[in-house]
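Enquirer: Once you've had a glance at the structure underneath, I'll fire off some questions.
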Amino acid sequence: QVQLVESGGGLVQPGGSLRLLCAASGRTVSTYAMGWLRQPPRNQREFVAAISRSSSLTHYADSVKGRCTISRDNAKNTVHLQMNSLKPEDTAVYYCAADPDPKRPYGSRASHDYDYWGQGTQVTVSS
């Protein structure tokens with residue numbers, strides 16, 4: 001199995017940017033489609049972005065499309081989420097997760113399909 005650790009969160013003003021890092025250990029991350037999901041305060045966990053094993057396919061939630069970019073470096077066993085033009089409604093704990101099912105090559109939008117999770121990193125967008 002794979003262990004995931006997120007970093008890069010913090011407090012940022014509206015319109016600012018953050019780059020989140022997910023560092024994997026144990027099994028190589030290239031085995032999995034990878035996703036970023038988030039849990040806003042007092043809300044359920046929701047999908048943000050996902051990327052296929054080979055990086056050829058990515059997809060995003062409508063709420064972040066055009067502002068976020070997911071990428072991966074299988075050689076370094078890392079996954080990134082670049083977030084630009086941040087809004088207060090982006091405030092959440094952000095989780096990196098691994099989807100092991102080969103029938104979902106691009107990663108799932110459903111949190112229950114992810115088998116492995118990091119501990120999360122807090123992103124707060126506020127002036």
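All residue names refer to the structure tokens as shown: chains lettered A, B, ... in order, residues numbered from 1 in each chain, ligands numbered from 1 in order.
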With DSSP run on the backbone, what are the strand (DSSP E) residues within chain A? I'd like them as a PyMOL selection string.
Expert: chain A and resi 2-7+10-12+18-26+33-39+46-51+58-60+68-73+78-83+92-99+116-117+121-125
Enquirer: Using the selection just defined, write its residues with C-alpha atoms as a tab-separated table (two decimals), in the first residue's frame.
Expert:
```tsv
chain	number	residue	atom	x	y	z
A	2	VAL	CA	0.94	3.64	-0.26
A	3	GLN	CA	1.34	6.31	2.42
A	4	LEU	CA	0.49	9.90	1.51
A	5	VAL	CA	1.54	13.15	3.18
A	6	GLU	CA	0.23	16.55	2.10
A	7	SER	CA	1.90	19.92	2.62
A	10	GLY	CA	-1.73	27.94	4.69
A	11	LEU	CA	-3.43	31.30	4.95
A	12	VAL	CA	-3.70	33.27	1.72
A	18	LEU	CA	-0.90	28.05	-3.30
A	19	ARG	CA	0.85	24.92	-4.51
A	20	LEU	CA	-0.01	21.79	-2.58
A	21	LEU	CA	2.33	18.82	-2.50
A	22	CYS	CA	1.45	15.17	-1.92
A	23	ALA	CA	4.48	13.01	-1.16
A	24	ALA	CA	4.02	9.26	-1.41
A	25	SER	CA	5.99	6.44	0.17
A	26	GLY	CA	5.65	2.69	0.19
A	33	ALA	CA	-4.84	7.30	-10.32
A	34	MET	CA	-4.51	10.21	-7.91
A	35	GLY	CA	-6.97	12.78	-6.71
A	36	TRP	CA	-7.29	15.87	-4.58
A	37	LEU	CA	-10.46	16.24	-2.53
A	38	ARG	CA	-11.38	18.82	0.07
A	39	GLN	CA	-13.65	19.20	3.07
A	46	GLU	CA	-15.88	16.97	-2.21
A	47	PHE	CA	-13.92	16.26	-5.35
A	48	VAL	CA	-11.42	18.83	-6.62
A	49	ALA	CA	-9.24	17.20	-9.30
A	50	ALA	CA	-7.85	13.87	-10.45
A	51	ILE	CA	-5.11	12.64	-12.75
A	58	THR	CA	-7.03	15.12	-15.86
A	59	HIS	CA	-10.43	16.34	-14.74
A	60	TYR	CA	-11.67	18.98	-12.37
A	68	CYS	CA	-6.40	24.72	-10.50
A	69	THR	CA	-3.94	22.36	-12.15
A	70	ILE	CA	-3.16	18.85	-10.98
A	71	SER	CA	0.15	17.26	-11.97
A	72	ARG	CA	2.27	14.32	-10.96
A	73	ASP	CA	5.88	13.20	-11.12
A	78	THR	CA	4.74	13.21	-5.90
A	79	VAL	CA	1.47	14.85	-6.90
A	80	HIS	CA	0.86	18.60	-6.95
A	81	LEU	CA	-2.17	20.85	-6.97
A	82	GLN	CA	-1.51	24.39	-8.18
A	83	MET	CA	-4.30	26.70	-7.08
A	92	ALA	CA	-11.08	23.66	3.33
A	93	VAL	CA	-8.86	20.82	4.43
A	94	TYR	CA	-7.32	19.41	1.25
A	95	TYR	CA	-6.62	15.71	0.95
A	96	CYS	CA	-4.52	13.73	-1.46
A	97	ALA	CA	-5.91	10.27	-2.23
A	98	ALA	CA	-5.10	7.20	-4.32
A	99	ASP	CA	-7.62	5.32	-6.48
A	116	TYR	CA	-5.62	5.62	0.56
A	117	TRP	CA	-5.64	9.11	2.06
A	121	THR	CA	-3.52	20.20	4.79
A	122	GLN	CA	-5.53	23.28	5.77
A	123	VAL	CA	-6.10	26.01	3.19
A	124	THR	CA	-7.66	29.23	4.45
A	125	VAL	CA	-8.52	32.04	2.04
```
Enquirer: Would you give me, as a list in words, the residues in chain A that DSSP reads as helix (DSSP H, G or I)?
Expert: Val29, Ser30, Thr31, Pro88, Glu89, Asp90, Ser111, His112 and Asp113 of chain A
Enquirer: Output C-alpha atoms for every residue in that selection, as a compact mmCIF listing (two decimals), in the first residue's frame.
Expert:
```
# COMPACT_ATOMS: atom_id res chain seq x y z
CA VAL A 29 2.33 6.29 -6.83
CA SER A 30 2.40 5.32 -10.52
CA THR A 31 0.23 2.34 -9.54
CA PRO A 88 -12.89 32.36 0.35
CA GLU A 89 -15.08 29.41 -0.67
CA ASP A 90 -11.90 27.43 -1.41
CA SER A 111 -14.51 10.01 -2.27
CA HIS A 112 -15.56 6.45 -1.38
CA ASP A 113 -13.62 5.11 -4.39
```
Enquirer: In Å, how far is it from atom CA of A:Gly9 to atom CA of A:Pro100?
Expert: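 Taking atom CA of A:Gly9 as the start and atom CA of A:Pro100 as the end point, the length is 25.4 Å.
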Enquirer: Between atom CA of A:Pro102 and atom CA of A:Arg67, what is the distance, to one decimal in Å?
Expert: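 Atom-to-atom, atom CA of A:Pro102 and atom CA of A:Arg67 are spaced 28.0 Å apart.
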Enquirer: Choose the residue, out of A:Arg42, A:Arg27, A:Lys76, A:Asp101, that has the smallest atom-to-atom separation from A:Tyr114; count only C-alpha atoms.
Expert: A:Asp101
Enquirer: I'd like the interatomic distance between atom CA of A:Ser56 and atom CA of A:Pro105, to a tenth of an Å.
Expert: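 Atom CA of A:Pro105 lies at a distance of 9.9 Å from atom CA of A:Ser56.
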